[in-house]
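Worksheet: one structure, shown below.
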Amino acid sequence: MSEVAIHPSSLANALELDTPSPAQPQPLLVPTHDAALVRRAQDGDVGAYDELIRRYQERIYATVYHMTSNHEDANDLTQETFIKGFQALKSFKGDSSFYTWVYRIAVNKTINFLKQRKNRTHLSLNDLDFNAENDPDLVALVSDRTPRRDIGLSELQQKLNKAMQKLSEPHRLVVTLHDVQGLSHEEIGHIMDCNIGTVRSRLFYARQQLQAHLSDYLK
Amino acid sequence: MNPQADNFEQIRKVLALKRHEQPPPGYFQNLSARIISRIESAESDQPTLWERLGFAFGSKPAFVCALGVVACGLICIGLLSTQGTAADAIARQQPFDTQSALMLAGPQETRSSIEPVISQVSAFDQIPVRPERASYTPPRQ
């Protein structure tokens, strides 16, 4: 896949924004006893694996959901990810954290799924929670700063998801992991098996693309 | 602030909207139970030796068809090669017998198949006949 050429000054501007805002979740802190649960699960303790699922199900689901923009697909892929994780657990050597490892499984499964699905994109979006209407940034975005002042949050959600689906899978993944889920460049590099420079350039390109797709709602 | 940076700031604010997209209430309460249930049912449905060898026919109709065609082909090839071997054996045996018969019969005249065969010698000539005087004396009464 071809990447756009990035002007150094543009990249610098993009990188200035890379510090997660206070609203974003902080990078994941892996509990120290994940390793103990993994060892028990490797010995066949399904209860220990159940605990691992409970810890990471929301993050895994969210990543898959934001990649597919479809709740049913996200549900299937999340379940398949954890099932595959259990089946492959014996091969887990502990070189990375369990979270990173299971995340890789989710990402690979999702990308394979999206390649097979190709252009058959069908949005099945989750409802916005109550807090969205109270988010001052979002309220300001739909009421003050857009030329289409009649747009509601649901419509903006539709537009945003359609714009996300226009991105390539690696670019969508970087935006999802960084701007939606708040992971650091380093964590994303581990998950995507690429260096930080690649993560940053993909993030910049993806934001540029989203900006172009949503220009009517951002001016 | 740089306009492009400002736009990225807006993009990030819009992307924050996605964090408010939540699955149906209670979805995560049952998710792990569903996954564990699937794991346990998958473990109880361990594949048989036959399936492990790749003969799970129900799930691979194309494979089964291909296997059937190959099996039929092998049977046909086997039959044909068996028949060919038998014919070769007969063919190898026949010339020997014919040749032996010819050798035993001695040299023969070759005739065309459309030429009528007219024998110059009668078949009776083959029997040696010697005329002998016959004498007959009638009995006296």
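Identifiers in this document derive from the order of the structure tokens: chains are assigned A, B, ..., residues are numbered from 1 separately in each chain, and ligands are numbered from 1 in order of occurrence.
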message = Taking only C-alpha atoms into account, find every residue of chain A that has an atom no more than 7 Å from chain B, and write it out as a PyMOL selection string.
response = chain A and resi 13-14+50+53-54+79+83+126-129+132+137-138+179-180+207+211+218
Long-range neighbours of Arg40 of chain A as an mmCIF file with N, CA and C atoms, in the first residue's frame, 12 Å cut-off, only C-alpha atoms, 3 positions minimum in chain:
data_model
loop_
_atom_site.group_PDB
_atom_site.id
_atom_site.type_symbol
_atom_site.label_atom_id
_atom_site.label_comp_id
_atom_site.auth_asym_id
_atom_site.auth_seq_id
_atom_site.Cartn_x
_atom_site.Cartn_y
_atom_site.Cartn_z
ATOM 1 N N HIS A 33 -0.732 -10.023 37.835
ATOM 2 C CA HIS A 33 -1.088 -11.440 37.949
ATOM 3 C C HIS A 33 -1.792 -11.982 36.711
ATOM 4 N N ASP A 34 -1.723 -11.278 35.605
ATOM 5 C CA ASP A 34 -2.174 -11.859 34.330
ATOM 6 C C ASP A 34 -1.402 -13.145 34.036
ATOM 7 N N ALA A 35 -0.106 -13.074 34.305
ATOM 8 C CA ALA A 35 0.755 -14.230 33.995
ATOM 9 C C ALA A 35 0.316 -15.468 34.779
ATOM 10 N N ALA A 36 -0.096 -15.253 36.033
ATOM 11 C CA ALA A 36 -0.548 -16.397 36.836
ATOM 12 C C ALA A 36 -1.832 -16.979 36.262
ATOM 13 N N LEU A 37 -2.728 -16.111 35.856
ATOM 14 C CA LEU A 37 -3.975 -16.593 35.248
ATOM 15 C C LEU A 37 -3.689 -17.353 33.946
ATOM 16 N N ASP A 43 -2.892 -24.738 31.980
ATOM 17 C CA ASP A 43 -3.058 -26.072 32.578
ATOM 18 C C ASP A 43 -4.492 -26.567 32.448
ATOM 19 N N GLY A 44 -5.322 -25.815 31.739
ATOM 20 C CA GLY A 44 -6.693 -26.271 31.490
ATOM 21 C C GLY A 44 -7.729 -25.673 32.418
ATOM 22 N N ASP A 45 -7.352 -24.683 33.236
ATOM 23 C CA ASP A 45 -8.299 -24.056 34.158
ATOM 24 C C ASP A 45 -9.152 -23.048 33.370
ATOM 25 N N VAL A 46 -10.362 -23.461 33.048
ATOM 26 C CA VAL A 46 -11.246 -22.609 32.247
ATOM 27 C C VAL A 46 -11.684 -21.375 33.046
ATOM 28 N N GLY A 47 -11.782 -21.532 34.349
ATOM 29 C CA GLY A 47 -12.176 -20.403 35.201
ATOM 30 C C GLY A 47 -11.165 -19.264 35.117
ATOM 31 N N ALA A 48 -9.887 -19.620 35.067
ATOM 32 C CA ALA A 48 -8.848 -18.586 34.946
ATOM 33 C C ALA A 48 -8.966 -17.869 33.604
ATOM 34 N N TYR A 49 -9.273 -18.638 32.588
ATOM 35 C CA TYR A 49 -9.427 -17.999 31.266
ATOM 36 C C TYR A 49 -10.666 -17.122 31.243
ATOM 37 N N ASP A 50 -11.697 -17.532 31.948
ATOM 38 C CA ASP A 50 -12.912 -16.710 32.054
ATOM 39 C C ASP A 50 -12.572 -15.350 32.657
ATOM 40 N N GLU A 51 -11.708 -15.341 33.647
ATOM 41 C CA GLU A 51 -11.289 -14.089 34.281
ATOM 42 C C GLU A 51 -10.514 -13.213 33.284
ATOM 43 N N LEU A 52 -9.668 -13.845 32.486
ATOM 44 C CA LEU A 52 -8.924 -13.078 31.468
ATOM 45 C C LEU A 52 -9.879 -12.476 30.438
ATOM 46 N N PHE A 86 -7.696 -19.310 23.497
ATOM 47 C CA PHE A 86 -7.639 -20.464 24.412
ATOM 48 C C PHE A 86 -6.974 -21.654 23.732
ATOM 49 N N LEU A 89 -3.270 -21.090 23.480
ATOM 50 C CA LEU A 89 -2.641 -20.615 24.718
ATOM 51 C C LEU A 89 -1.360 -21.382 25.064
ATOM 52 N N LYS A 90 -1.335 -22.644 24.663
ATOM 53 C CA LYS A 90 -0.146 -23.454 24.983
ATOM 54 C C LYS A 90 1.104 -22.923 24.263
#
query = atom CA of Leu210 of chain A to atom CA of Ala163 of chain A: how many Å, to one decimal?
reply =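 Between atom CA of Leu210 of chain A and atom CA of Ala163 of chain A the gap is 6.2 Å.
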message = Please compute the atom CA of Val38 of chain A-atom CA of Phe98 of chain A distance, one decimal, in Å.
response =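 Computing it gives 7.6 Å between the two atoms.
As for atom CA of His122 of chain A and atom CA of Val175 of chain A, they are spaced 20.1 Å apart.
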key: Secondary structure check, alpha helix (DSSP H) residues of segment 12-217 of chain A, as a PyMOL selection string   = chain A and resi 12-16+34-42+46-68+71-87+98-117+136-143+153-166+169-175+185-192+196-213+215-217
inquiry  = Using DSSP assignments from the backbone, pull out every residue in segment 70-176 of chain A that falls under strand (DSSP E or B) and give it to me as a VMD selection string.
reply    = chain A and resid 70 124 127 to 128
Would you save the residues from that selection as a PDB file, in the first residue's frame, using N, CA and C atoms?
ATOM      1  N   ASN A  70     -19.917  -2.702  12.860  1.00  0.00           N
ATOM      2  CA  ASN A  70     -21.045  -3.634  12.822  1.00  0.00           C
ATOM      3  C   ASN A  70     -21.043  -4.458  14.118  1.00  0.00           C
ATOM      4  N   SER A 124     -23.919  -1.519  11.240  1.00  0.00           N
ATOM      5  CA  SER A 124     -24.894  -1.885  12.278  1.00  0.00           C
ATOM      6  C   SER A 124     -24.362  -1.253  13.562  1.00  0.00           C
ATOM      7  N   ASP A 127     -25.901   2.139  19.714  1.00  0.00           N
ATOM      8  CA  ASP A 127     -26.457   3.434  20.131  1.00  0.00           C
ATOM      9  C   ASP A 127     -25.415   4.220  20.922  1.00  0.00           C
ATOM     10  N   LEU A 128     -25.558   5.530  20.840  1.00  0.00           N
ATOM     11  CA  LEU A 128     -24.688   6.386  21.655  1.00  0.00           C
ATOM     12  C   LEU A 128     -25.198   6.373  23.090  1.00  0.00           C
TER      13      LEU A 128
END
request  = For Gly197 of chain A, list every protein, DNA or RNA residue within 10 Å, evaluated using only C-alpha atoms, and leave out those in the same chain fewer than 4 positions away; present the list as a list in words.
outcome  =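 Everything that qualifies: His185, Glu186, Gly189, Ser201, Arg202 and Leu203 of chain A.
Using only C-alpha atoms for every distance, the candidate list A:Ile105, A:Leu214, A:Leu141, A:Ile111 yields A:Leu214 as the residue closest to Asn161 of chain A.
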ask   = Can you list, as a list in words, every protein, DNA or RNA residue that comes within 7 Å of Leu167 of chain A when you count only C-alpha atoms, leaving out same-chain residues fewer than 4 positions away?
value =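 Returned residues: His171, Arg172 and Ala206 of chain A.
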